[in-house]
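run.cif, holding mmCIF, C-alpha atoms, pLDDT in the B column; chains and numbers go by the auth columns:
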```
data_entry
#
loop_
_atom_site.group_PDB
_atom_site.id
_atom_site.type_symbol
_atom_site.label_atom_id
_atom_site.label_comp_id
_atom_site.label_asym_id
_atom_site.label_seq_id
_atom_site.Cartn_x
_atom_site.Cartn_y
_atom_site.Cartn_z
_atom_site.B_iso_or_equiv
_atom_site.auth_seq_id
_atom_site.auth_asym_id
ATOM 1 C CA MET A 1 8.333 35.821 6.452 45.00 1 N
ATOM 2 C CA ASP A 2 8.526 38.516 3.738 47.00 2 N
ATOM 3 C CA MET A 3 5.437 40.008 2.135 42.00 3 N
ATOM 4 C CA HIS A 4 5.830 38.010 -1.104 43.00 4 N
ATOM 5 C CA ARG A 5 5.955 34.679 0.718 42.00 5 N
ATOM 6 C CA TRP A 6 3.077 35.672 2.994 39.00 6 N
ATOM 7 C CA LEU A 7 0.909 36.619 0.027 41.00 7 N
ATOM 8 C CA PHE A 8 1.752 33.398 -1.762 40.00 8 N
ATOM 9 C CA ALA A 9 0.888 31.357 1.348 42.00 9 N
ATOM 10 C CA VAL A 10 -2.496 33.075 1.455 38.00 10 N
ATOM 11 C CA VAL A 11 -2.995 32.427 -2.267 40.00 11 N
ATOM 12 C CA VAL A 12 -2.102 28.726 -1.895 39.00 12 N
ATOM 13 C CA ALA A 13 -4.513 28.335 1.025 40.00 13 N
ATOM 14 C CA ALA A 14 -7.265 29.936 -1.054 39.00 14 N
ATOM 15 C CA ALA A 15 -6.474 27.678 -4.001 40.00 15 N
ATOM 16 C CA MET A 16 -6.655 24.591 -1.815 40.00 16 N
ATOM 17 C CA LEU A 17 -10.050 25.688 -0.526 37.00 17 N
ATOM 18 C CA LEU A 18 -11.211 26.422 -4.051 38.00 18 N
ATOM 19 C CA SER A 19 -9.893 23.152 -5.440 38.00 19 N
ATOM 20 C CA GLY A 20 -10.937 21.122 -2.409 38.00 20 N
ATOM 21 C CA CYS A 21 -14.413 20.665 -3.841 36.00 21 N
ATOM 22 C CA ALA A 22 -12.967 20.295 -7.342 38.00 22 N
ATOM 23 C CA ALA A 23 -10.042 17.883 -6.832 38.00 23 N
ATOM 24 C CA ILE A 24 -10.628 14.797 -8.956 50.00 24 N
ATOM 25 C CA PRO A 25 -14.092 16.267 -9.563 53.00 25 N
ATOM 26 C CA GLN A 26 -15.096 13.980 -12.393 57.00 26 N
ATOM 27 C CA GLN A 27 -14.060 10.628 -10.939 58.00 27 N
ATOM 28 C CA HIS A 28 -17.741 9.825 -10.489 62.00 28 N
ATOM 29 C CA ALA A 29 -18.166 10.206 -14.259 62.00 29 N
ATOM 30 C CA VAL A 30 -15.739 7.328 -14.938 76.00 30 N
ATOM 31 C CA LYS A 31 -17.826 4.162 -14.910 76.00 31 N
ATOM 32 C CA GLU A 32 -15.063 2.031 -16.400 82.00 32 N
ATOM 33 C CA ILE A 33 -11.730 2.731 -18.050 87.00 33 N
ATOM 34 C CA HIS A 34 -11.189 1.711 -21.661 87.00 34 N
ATOM 35 C CA ILE A 35 -7.691 0.655 -22.638 87.00 35 N
ATOM 36 C CA CYS A 36 -5.962 -0.172 -25.923 85.00 36 N
ATOM 37 C CA GLY A 37 -2.706 -2.102 -25.891 81.00 37 N
ATOM 38 C CA ALA A 38 -0.877 -4.807 -27.827 79.00 38 N
ATOM 39 C CA GLU A 39 -3.880 -7.162 -27.538 77.00 39 N
ATOM 40 C CA GLY A 40 -6.457 -4.672 -28.786 79.00 40 N
ATOM 41 C CA CYS A 41 -9.026 -2.581 -26.921 82.00 41 N
ATOM 42 C CA THR A 42 -11.069 -3.608 -23.892 79.00 42 N
ATOM 43 C CA THR A 43 -12.231 -2.414 -20.481 79.00 43 N
ATOM 44 C CA VAL A 44 -9.656 -2.892 -17.758 64.00 44 N
ATOM 45 C CA ASP A 45 -11.826 -4.243 -14.933 63.00 45 N
ATOM 46 C CA HIS A 46 -10.967 -7.934 -15.143 62.00 46 N
ATOM 47 C CA LYS A 47 -8.029 -7.980 -17.543 77.00 47 N
ATOM 48 C CA TYR A 48 -5.318 -5.840 -15.959 82.00 48 N
ATOM 49 C CA SER A 49 -4.008 -5.404 -12.419 84.00 49 N
ATOM 50 C CA THR A 50 -3.350 -2.040 -10.818 86.00 50 N
ATOM 51 C CA GLY A 51 0.378 -2.811 -11.085 86.00 51 N
ATOM 52 C CA GLN A 52 0.154 -3.417 -14.833 88.00 52 N
ATOM 53 C CA LEU A 53 -1.802 -0.210 -15.369 89.00 53 N
ATOM 54 C CA LEU A 54 0.590 1.860 -13.268 90.00 54 N
ATOM 55 C CA ILE A 55 3.614 0.555 -15.163 89.00 55 N
ATOM 56 C CA GLY A 56 1.934 0.950 -18.563 91.00 56 N
ATOM 57 C CA PHE A 57 1.038 4.535 -17.766 92.00 57 N
ATOM 58 C CA GLN A 58 4.495 5.245 -16.385 90.00 58 N
ATOM 59 C CA ARG A 59 6.216 3.843 -19.482 92.00 59 N
ATOM 60 C CA LEU A 60 4.118 6.148 -21.642 95.00 60 N
ATOM 61 C CA LEU A 61 5.195 9.089 -19.474 95.00 61 N
ATOM 62 C CA LYS A 62 8.855 7.997 -19.509 94.00 62 N
ATOM 63 C CA ALA A 63 8.856 7.612 -23.298 95.00 63 N
ATOM 64 C CA ASN A 64 7.613 11.193 -23.583 97.00 64 N
ATOM 65 C CA GLU A 65 9.676 12.768 -20.829 96.00 65 N
ATOM 66 C CA GLY A 66 10.511 16.359 -21.816 97.00 66 N
ATOM 67 C CA GLU A 67 8.168 16.257 -24.832 97.00 67 N
ATOM 68 C CA LYS A 68 5.151 18.512 -25.380 97.00 68 N
ATOM 69 C CA VAL A 69 1.943 16.572 -24.742 98.00 69 N
ATOM 70 C CA THR A 70 -0.909 18.475 -26.390 97.00 70 N
ATOM 71 C CA ILE A 71 -4.298 18.798 -24.708 97.00 71 N
ATOM 72 C CA CYS A 72 -7.601 19.617 -26.370 96.00 72 N
ATOM 73 C CA ASP A 73 -11.348 19.651 -25.708 95.00 73 N
ATOM 74 C CA SER A 74 -13.044 16.430 -26.750 95.00 74 N
ATOM 75 C CA ASN A 75 -15.800 14.010 -25.754 91.00 75 N
ATOM 76 C CA PRO A 76 -15.680 10.385 -24.553 89.00 76 N
ATOM 77 C CA LYS A 77 -17.490 9.078 -27.634 88.00 77 N
ATOM 78 C CA THR A 78 -15.054 10.273 -30.309 88.00 78 N
ATOM 79 C CA HIS A 79 -11.789 11.037 -28.457 88.00 79 N
ATOM 80 C CA THR A 80 -11.049 13.551 -31.229 91.00 80 N
ATOM 81 C CA CYS A 81 -9.953 17.161 -30.740 93.00 81 N
ATOM 82 C CA GLU A 82 -12.722 19.752 -31.005 92.00 82 N
ATOM 83 C CA SER A 83 -10.508 22.778 -30.291 90.00 83 N
ATOM 84 C CA VAL A 84 -6.935 23.777 -29.599 90.00 84 N
ATOM 85 C CA GLY A 85 -6.283 23.547 -25.867 94.00 85 N
ATOM 86 C CA ILE A 86 -8.714 23.763 -22.963 95.00 86 N
ATOM 87 C CA CYS A 87 -10.070 26.959 -21.403 93.00 87 N
ATOM 88 C CA GLN A 88 -11.890 28.178 -18.307 88.00 88 N
ATOM 89 C CA PHE A 89 -13.423 31.491 -17.277 88.00 89 N
ATOM 90 C CA VAL A 90 -11.154 33.571 -15.028 87.00 90 N
ATOM 91 C CA LEU A 91 -11.731 36.959 -13.433 85.00 91 N
ATOM 92 C CA GLY A 92 -8.290 38.594 -13.491 80.00 92 N
ATOM 93 C CA GLY A 93 -8.838 41.364 -10.957 77.00 93 N
ATOM 94 C CA PHE A 94 -11.664 43.250 -12.645 81.00 94 N
ATOM 95 C CA ILE A 95 -10.836 41.822 -16.079 83.00 95 N
ATOM 96 C CA PRO A 96 -12.962 38.861 -17.260 88.00 96 N
ATOM 97 C CA GLY A 97 -11.515 36.428 -19.779 86.00 97 N
ATOM 98 C CA ASN A 98 -10.476 32.885 -20.568 88.00 98 N
ATOM 99 C CA GLY A 99 -7.494 31.146 -19.058 89.00 99 N
ATOM 100 C CA CYS A 100 -6.230 28.478 -21.462 93.00 100 N
ATOM 101 C CA ALA A 101 -3.645 25.707 -21.732 95.00 101 N
ATOM 102 C CA GLU A 102 -2.497 23.872 -24.853 96.00 102 N
ATOM 103 C CA ASP A 103 0.195 21.462 -23.685 97.00 103 N
ATOM 104 C CA ILE A 104 1.943 19.824 -20.730 97.00 104 N
ATOM 105 C CA VAL A 105 5.568 18.708 -20.408 98.00 105 N
ATOM 106 C CA PHE A 106 6.154 15.858 -17.942 97.00 106 N
ATOM 107 C CA SER A 107 9.550 15.208 -16.342 96.00 107 N
ATOM 108 C CA GLU A 108 11.293 13.547 -13.377 95.00 108 N
ATOM 109 C CA ILE A 109 9.030 10.467 -13.487 94.00 109 N
ATOM 110 C CA ALA A 110 9.772 8.181 -10.533 91.00 110 N
ATOM 111 C CA MET A 111 8.123 5.799 -8.094 86.00 111 N
ATOM 112 C CA GLY A 112 5.878 7.617 -5.624 84.00 112 N
ATOM 113 C CA ASP A 113 6.005 7.605 -1.831 83.00 113 N
ATOM 114 C CA GLN A 114 2.942 5.363 -1.530 84.00 114 N
ATOM 115 C CA LEU A 115 1.798 2.145 -3.174 84.00 115 N
ATOM 116 C CA GLY A 116 0.149 2.629 -6.543 87.00 116 N
ATOM 117 C CA GLN A 117 1.697 6.059 -7.128 91.00 117 N
ATOM 118 C CA THR A 118 4.159 7.669 -9.512 93.00 118 N
ATOM 119 C CA SER A 119 5.660 11.085 -8.760 94.00 119 N
ATOM 120 C CA LEU A 120 6.583 13.547 -11.481 96.00 120 N
ATOM 121 C CA LYS A 121 6.936 17.192 -12.463 97.00 121 N
ATOM 122 C CA ALA A 122 4.557 18.925 -14.874 97.00 122 N
ATOM 123 C CA ASN A 123 5.056 22.180 -16.743 97.00 123 N
ATOM 124 C CA MET A 124 1.688 23.395 -18.053 96.00 124 N
ATOM 125 C CA PRO A 125 1.950 26.869 -19.650 94.00 125 N
ATOM 126 C CA ILE A 126 -1.229 28.937 -19.431 92.00 126 N
ATOM 127 C CA THR A 127 -2.427 32.156 -21.015 91.00 127 N
ATOM 128 C CA PHE A 128 -5.006 34.735 -19.962 88.00 128 N
ATOM 129 C CA ILE A 129 -6.656 36.664 -22.802 87.00 129 N
ATOM 130 C CA TRP A 130 -3.906 35.308 -25.102 86.00 130 N
ATOM 131 C CA THR A 131 -1.180 36.738 -22.843 89.00 131 N
ATOM 132 C CA PRO A 132 1.373 34.304 -21.329 91.00 132 N
ATOM 133 C CA VAL A 133 1.153 33.808 -17.565 91.00 133 N
ATOM 134 C CA PHE A 134 4.332 32.916 -15.705 92.00 134 N
ATOM 135 C CA CYS A 135 3.815 29.675 -13.753 93.00 135 N
ATOM 136 C CA GLU A 136 6.245 27.464 -11.887 95.00 136 N
ATOM 137 C CA THR A 137 6.611 23.796 -12.729 96.00 137 N
ATOM 138 C CA ALA A 138 4.217 21.763 -10.568 96.00 138 N
ATOM 139 C CA SER A 139 4.889 18.641 -8.540 96.00 139 N
ATOM 140 C CA ALA A 140 2.324 15.988 -9.455 96.00 140 N
ATOM 141 C CA THR A 141 1.237 12.499 -8.469 95.00 141 N
ATOM 142 C CA LEU A 142 -0.267 9.783 -10.658 95.00 142 N
ATOM 143 C CA SER A 143 -2.366 7.362 -8.588 92.00 143 N
ATOM 144 C CA VAL A 144 -3.794 3.982 -9.573 90.00 144 N
ATOM 145 C CA HIS A 145 -6.147 3.034 -6.744 86.00 145 N
ATOM 146 C CA SER A 146 -8.021 0.371 -8.734 84.00 146 N
ATOM 147 C CA PRO A 147 -8.479 -0.625 -12.396 83.00 147 N
ATOM 148 C CA ASP A 148 -11.291 1.940 -12.621 84.00 148 N
ATOM 149 C CA GLU A 149 -9.726 4.713 -10.547 88.00 149 N
ATOM 150 C CA ILE A 150 -6.687 6.355 -12.125 92.00 150 N
ATOM 151 C CA TYR A 151 -6.038 10.035 -11.638 93.00 151 N
ATOM 152 C CA MET A 152 -3.341 12.716 -11.549 95.00 152 N
ATOM 153 C CA GLU A 153 -3.124 15.635 -9.127 93.00 153 N
ATOM 154 C CA PHE A 154 -0.970 18.753 -9.488 94.00 154 N
ATOM 155 C CA LYS A 155 0.060 20.430 -6.243 94.00 155 N
ATOM 156 C CA PRO A 156 -0.722 24.172 -6.108 94.00 156 N
ATOM 157 C CA ARG A 157 1.852 26.132 -8.098 93.00 157 N
ATOM 158 C CA PHE A 158 2.754 29.803 -8.074 93.00 158 N
ATOM 159 C CA CYS A 159 1.708 31.884 -11.096 92.00 159 N
ATOM 160 C CA ASN A 160 2.013 35.586 -11.877 90.00 160 N
ATOM 161 C CA TRP A 161 0.354 37.779 -14.497 83.00 161 N
ATOM 162 C CA MET A 162 1.734 41.294 -14.877 77.00 162 N
ATOM 163 C CA VAL A 163 -1.662 43.000 -14.521 70.00 163 N
ATOM 164 C CA VAL A 164 -3.275 41.150 -11.591 74.00 164 N
ATOM 165 C CA GLY A 165 -0.255 39.840 -9.687 82.00 165 N
ATOM 166 C CA ASN A 166 0.183 36.536 -7.854 90.00 166 N
ATOM 167 C CA MET A 167 -2.055 33.496 -8.210 89.00 167 N
ATOM 168 C CA SER A 168 -2.004 29.811 -7.336 91.00 168 N
ATOM 169 C CA ALA A 169 -3.147 27.228 -9.870 92.00 169 N
ATOM 170 C CA THR A 170 -4.177 23.592 -9.503 91.00 170 N
ATOM 171 C CA PHE A 171 -4.965 20.970 -12.132 92.00 171 N
ATOM 172 C CA ASN A 172 -6.368 17.458 -11.689 93.00 172 N
ATOM 173 C CA PHE A 173 -7.747 14.801 -13.972 94.00 173 N
ATOM 174 C CA ALA A 174 -9.403 11.385 -13.813 94.00 174 N
ATOM 175 C CA VAL A 175 -8.529 8.935 -16.591 94.00 175 N
ATOM 176 C CA GLU A 176 -11.408 7.617 -18.731 92.00 176 N
ATOM 177 C CA SER A 177 -9.394 5.886 -21.464 93.00 177 N
ATOM 178 C CA LEU A 178 -5.793 4.907 -22.144 93.00 178 N
ATOM 179 C CA ASP A 179 -4.638 4.073 -25.667 94.00 179 N
ATOM 180 C CA LEU A 180 -0.987 3.072 -25.458 94.00 180 N
ATOM 181 C CA SER A 181 -0.853 2.113 -29.146 93.00 181 N
ATOM 182 C CA ARG A 182 -1.715 5.653 -30.240 94.00 182 N
ATOM 183 C CA GLY A 183 -0.447 7.591 -27.233 96.00 183 N
ATOM 184 C CA VAL A 184 -3.862 9.067 -26.422 96.00 184 N
ATOM 185 C CA ILE A 185 -5.446 9.475 -22.971 96.00 185 N
ATOM 186 C CA GLY A 186 -9.045 10.570 -22.392 95.00 186 N
ATOM 187 C CA ILE A 187 -9.556 12.552 -19.187 95.00 187 N
ATOM 188 C CA TYR A 188 -12.144 14.388 -17.114 94.00 188 N
ATOM 189 C CA TRP A 189 -10.273 17.481 -15.929 94.00 189 N
ATOM 190 C CA SER A 190 -10.592 20.290 -13.410 91.00 190 N
ATOM 191 C CA HIS A 191 -8.529 23.484 -13.212 90.00 191 N
ATOM 192 C CA ALA A 192 -8.677 26.250 -10.599 89.00 192 N
ATOM 193 C CA VAL A 193 -6.854 29.531 -9.947 89.00 193 N
ATOM 194 C CA ALA A 194 -7.069 31.740 -6.876 90.00 194 N
ATOM 195 C CA GLY A 195 -5.453 34.998 -5.819 88.00 195 N
ATOM 196 C CA GLY A 196 -5.063 37.953 -8.203 84.00 196 N
ATOM 197 C CA GLY A 197 -7.080 35.911 -10.694 83.00 197 N
ATOM 198 C CA ASN A 198 -9.960 33.665 -9.690 86.00 198 N
ATOM 199 C CA GLY A 199 -11.819 31.004 -11.605 88.00 199 N
ATOM 200 C CA ARG A 200 -12.274 27.331 -12.205 88.00 200 N
ATOM 201 C CA GLY A 201 -13.501 25.030 -14.912 90.00 201 N
ATOM 202 C CA SER A 202 -13.881 21.379 -15.828 91.00 202 N
ATOM 203 C CA GLY A 203 -14.633 19.236 -18.835 92.00 203 N
ATOM 204 C CA TYR A 204 -13.493 16.332 -20.996 94.00 204 N
ATOM 205 C CA ALA A 205 -10.247 16.412 -22.963 96.00 205 N
ATOM 206 C CA VAL A 206 -7.668 14.190 -24.599 96.00 206 N
ATOM 207 C CA LEU A 207 -3.926 14.210 -24.073 97.00 207 N
ATOM 208 C CA ASN A 208 -1.958 13.410 -27.234 97.00 208 N
ATOM 209 C CA PHE A 209 1.551 12.064 -26.584 98.00 209 N
ATOM 210 C CA PRO A 210 4.034 12.365 -29.489 97.00 210 N
ATOM 211 C CA LYS A 211 5.506 8.914 -28.756 97.00 211 N
ATOM 212 C CA SER A 212 3.378 5.794 -28.352 96.00 212 N
ATOM 213 C CA MET A 213 4.028 2.131 -27.550 95.00 213 N
ATOM 214 C CA PRO A 214 6.107 0.498 -30.336 94.00 214 N
ATOM 215 C CA PRO A 215 4.275 -2.249 -32.292 91.00 215 N
ATOM 216 C CA ASP A 216 6.728 -4.921 -31.122 90.00 216 N
ATOM 217 C CA GLU A 217 6.313 -4.105 -27.404 91.00 217 N
ATOM 218 C CA ASP A 218 3.607 -4.705 -24.818 90.00 218 N
ATOM 219 C CA TRP A 219 3.889 -2.280 -21.908 91.00 219 N
ATOM 220 C CA LEU A 220 1.180 -4.164 -19.996 87.00 220 N
ATOM 221 C CA ALA A 221 2.477 -7.731 -20.352 79.00 221 N
ATOM 222 C CA GLY A 222 3.844 -9.822 -17.523 54.00 222 N
ATOM 223 C CA GLN A 223 4.076 -7.102 -14.885 51.00 223 N
ATOM 224 C CA PRO A 224 4.070 -8.041 -11.173 42.00 224 N
ATOM 225 C CA MET A 225 1.352 -6.976 -8.758 38.00 225 N
ATOM 226 C CA LEU A 226 2.032 -4.078 -6.381 42.00 226 N
ATOM 227 C CA PRO A 227 4.128 -3.258 -4.413 46.00 227 N
ATOM 228 C CA LEU A 228 6.731 -2.489 -7.071 49.00 228 N
ATOM 229 C CA SER A 229 10.407 -1.664 -6.763 46.00 229 N
ATOM 230 C CA LYS A 230 12.031 1.286 -8.548 47.00 230 N
ATOM 231 C CA THR A 231 13.750 -1.202 -10.868 44.00 231 N
ATOM 232 C CA GLU A 232 10.423 -2.773 -11.812 43.00 232 N
ATOM 233 C CA LEU A 233 8.840 0.630 -12.381 45.00 233 N
ATOM 234 C CA SER A 234 11.709 1.888 -14.525 46.00 234 N
ATOM 235 C CA PRO A 235 13.228 -1.157 -16.270 43.00 235 N
ATOM 236 C CA GLU A 236 16.444 -0.553 -18.137 42.00 236 N
ATOM 237 C CA LYS A 237 16.493 -1.428 -21.810 43.00 237 N
ATOM 238 C CA PRO A 238 19.253 -3.875 -22.799 41.00 238 N
#
```
Would you write the structure of this file as structure tokens?
Amino acid sequence: MDMHRWLFAVVVAAAMLLSGCAAIPQQHAVKEIHICGAEGCTTVDHKYSTGQLLIGFQRLLKANEGEKVTICDSNPKTHTCESVGICQFVLGGFIPGNGCAEDIVFSEIAMGDQLGQTSLKANMPITFIWTPVFCETASATLSVHSPDEIYMEFKPRFCNWMVVGNMSATFNFAVESLDLSRGVIGIYWSHAVAGGGNGRGSGYAVLNFPKSMPPDEDWLAGQPMLPLSKTELSPEKP
């Protein structure tokens, strides 16, 4: 094993330890998920199955595959942006500053290996003190465990900043609201970096998708209960 791979393995192990106490950190804050679809807005507890929610979420992701999904600080009462992007404190070597992200690009959306899951790739550019940080595209998993437990986990990904060297970054979020009609998702998020730069942060944000559910469609209607086939998860349009 060369030195680069050995260092990255150490960085990934550190990131997993750092994010172990932070993975899906805000799930406890989600008392119930609010959803807006073709039939208006409601809580999901008794109205939608886990299969319907998984497919509705996946169709939103598929409609926006390759598009920039913006992310911004917000609060669960207004769901409006209060800043551009989200930030966390990071100590880059001996240099303190904010690590920030403004958008995510989702791709390769497909049925996951386990029931109630969708696998995908996520490219989430980050900056440190306004300087771009090189980061690999992350493998991610969207999980719908119950109508009130929906979350996404990014696997640790390699990042490098010219001043402090190699890092590993993780990102996770628990869904608090899903508005398919407007293409807006409210989330409780957690982000962590370890290695040449170290830090973590959490908060509430909204994801704004450029494409939303068309008025003449209902992405939650008439879906079967899990388990779901790949055809059912990714229906072809006539």
Picked residues, the PyMOL selection byres ((chain N and resi 87) around 9), expected as JSON, numbers by chain: {"N": [73, 85, 86, 88, 89, 98, 99, 100, 101, 102, 201, 202]}
Expansion of the PyMOL selection byres ((chain N and resi 33) around 9) into residues, as a PyMOL selection string: chain N and resi 30-32+34-35+42-45+147-150+175-178
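Here atom CA of N:Pro214 is placed at a distance of 28.6 Å from atom CA of N:Phe154.
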The PyMOL selection byres ((chain N and resi 204) around 10) resolved against shown file, as an MDAnalysis selection string: chainID N and resid 26 72:76 79 86 173:176 186:190 202:203 205:206
Taking all atoms of stretch 28-44 of chain N that the file lists and extending 6 Å past them on each side, where is the centre of the axis-aligned box and how long are its edges? Answer in Å to one decimal, as AutoDock Vina command-line options.
```
--center_x -9.5 --center_y 1.5 --center_z -19.6 --size_x 29.3 --size_y 29.4 --size_z 30.3
```
d(atom CA of N:Lys121, atom CA of N:Val144) in Å: 17.3 Å
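The two atoms in question, atom CA of N:Leu54 and atom CA of N:Leu142, are spaced 8.4 Å apart.
Proximity of N:Leu115, N:Cys81, N:Ala140, N:Val133 to N:Val164, computed with all atoms listed in the file, is greatest for N:Val133.
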Nearest to N:Phe171, chosen from N:Thr131, N:Ser212, N:Asn123, N:Gln52, with only C-alpha atoms counted in the distances: N:Asn123
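Distances to N:Gly183 were evaluated for N:Gly196, N:Gly92, N:Pro210, N:Gly165 using only C-alpha atoms, and the minimum falls at N:Pro210.
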Would you mind completing stretch 110-126 of chain N so that it carries N, CA, C and O atoms, and writing it out as a short mmCIF file (atom, residue, chain, number, x, y, z; two decimals), in the coordinates of the input?
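Generated output (result25.cif):
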```cif
data_model
loop_
_atom_site.label_atom_id
_atom_site.label_comp_id
_atom_site.auth_asym_id
_atom_site.auth_seq_id
_atom_site.Cartn_x
_atom_site.Cartn_y
_atom_site.Cartn_z
N ALA N 110 9.15 9.12 -11.48
CA ALA N 110 9.77 8.18 -10.53
C ALA N 110 8.69 7.52 -9.70
O ALA N 110 7.53 7.95 -9.69
N MET N 111 9.07 6.46 -8.96
CA MET N 111 8.12 5.80 -8.09
C MET N 111 7.69 6.74 -6.98
O MET N 111 8.50 7.49 -6.43
N GLY N 112 6.41 6.74 -6.64
CA GLY N 112 5.88 7.62 -5.62
C GLY N 112 6.16 7.13 -4.22
O GLY N 112 6.72 6.05 -4.00
N ASP N 113 5.77 7.94 -3.23
CA ASP N 113 6.00 7.60 -1.83
C ASP N 113 5.07 6.52 -1.32
O ASP N 113 5.36 5.85 -0.34
N GLN N 114 3.92 6.34 -1.98
CA GLN N 114 2.94 5.36 -1.53
C GLN N 114 2.69 4.33 -2.62
O GLN N 114 2.99 4.55 -3.80
N LEU N 115 2.11 3.20 -2.22
CA LEU N 115 1.80 2.14 -3.17
C LEU N 115 0.84 2.67 -4.24
O LEU N 115 -0.08 3.43 -3.94
N GLY N 116 1.05 2.25 -5.46
CA GLY N 116 0.15 2.63 -6.54
C GLY N 116 0.33 4.05 -7.03
O GLY N 116 -0.56 4.59 -7.70
N GLN N 117 1.48 4.67 -6.73
CA GLN N 117 1.70 6.06 -7.13
C GLN N 117 2.99 6.23 -7.92
O GLN N 117 3.95 5.50 -7.72
N THR N 118 2.98 7.22 -8.80
CA THR N 118 4.16 7.67 -9.51
C THR N 118 4.27 9.18 -9.29
O THR N 118 3.28 9.90 -9.43
N SER N 119 5.45 9.65 -8.93
CA SER N 119 5.66 11.08 -8.76
C SER N 119 6.31 11.65 -10.01
O SER N 119 7.05 10.95 -10.72
N LEU N 120 6.05 12.91 -10.29
CA LEU N 120 6.58 13.55 -11.48
C LEU N 120 6.46 15.06 -11.36
O LEU N 120 5.85 15.59 -10.44
N LYS N 121 7.08 15.76 -12.32
CA LYS N 121 6.94 17.19 -12.46
C LYS N 121 6.13 17.47 -13.73
O LYS N 121 6.19 16.69 -14.69
N ALA N 122 5.39 18.58 -13.72
CA ALA N 122 4.56 18.92 -14.87
C ALA N 122 4.63 20.43 -15.13
O ALA N 122 4.35 21.22 -14.23
N ASN N 123 5.03 20.78 -16.33
CA ASN N 123 5.06 22.18 -16.74
C ASN N 123 3.90 22.41 -17.71
O ASN N 123 3.89 21.87 -18.82
N MET N 124 2.90 23.18 -17.27
CA MET N 124 1.69 23.40 -18.05
C MET N 124 1.53 24.90 -18.28
O MET N 124 0.94 25.61 -17.46
N PRO N 125 2.07 25.43 -19.38
CA PRO N 125 1.95 26.87 -19.65
C PRO N 125 0.49 27.27 -19.82
O PRO N 125 -0.30 26.55 -20.42
N ILE N 126 0.13 28.43 -19.27
CA ILE N 126 -1.23 28.94 -19.43
C ILE N 126 -1.19 30.37 -19.93
O ILE N 126 -0.20 31.08 -19.76
#
```
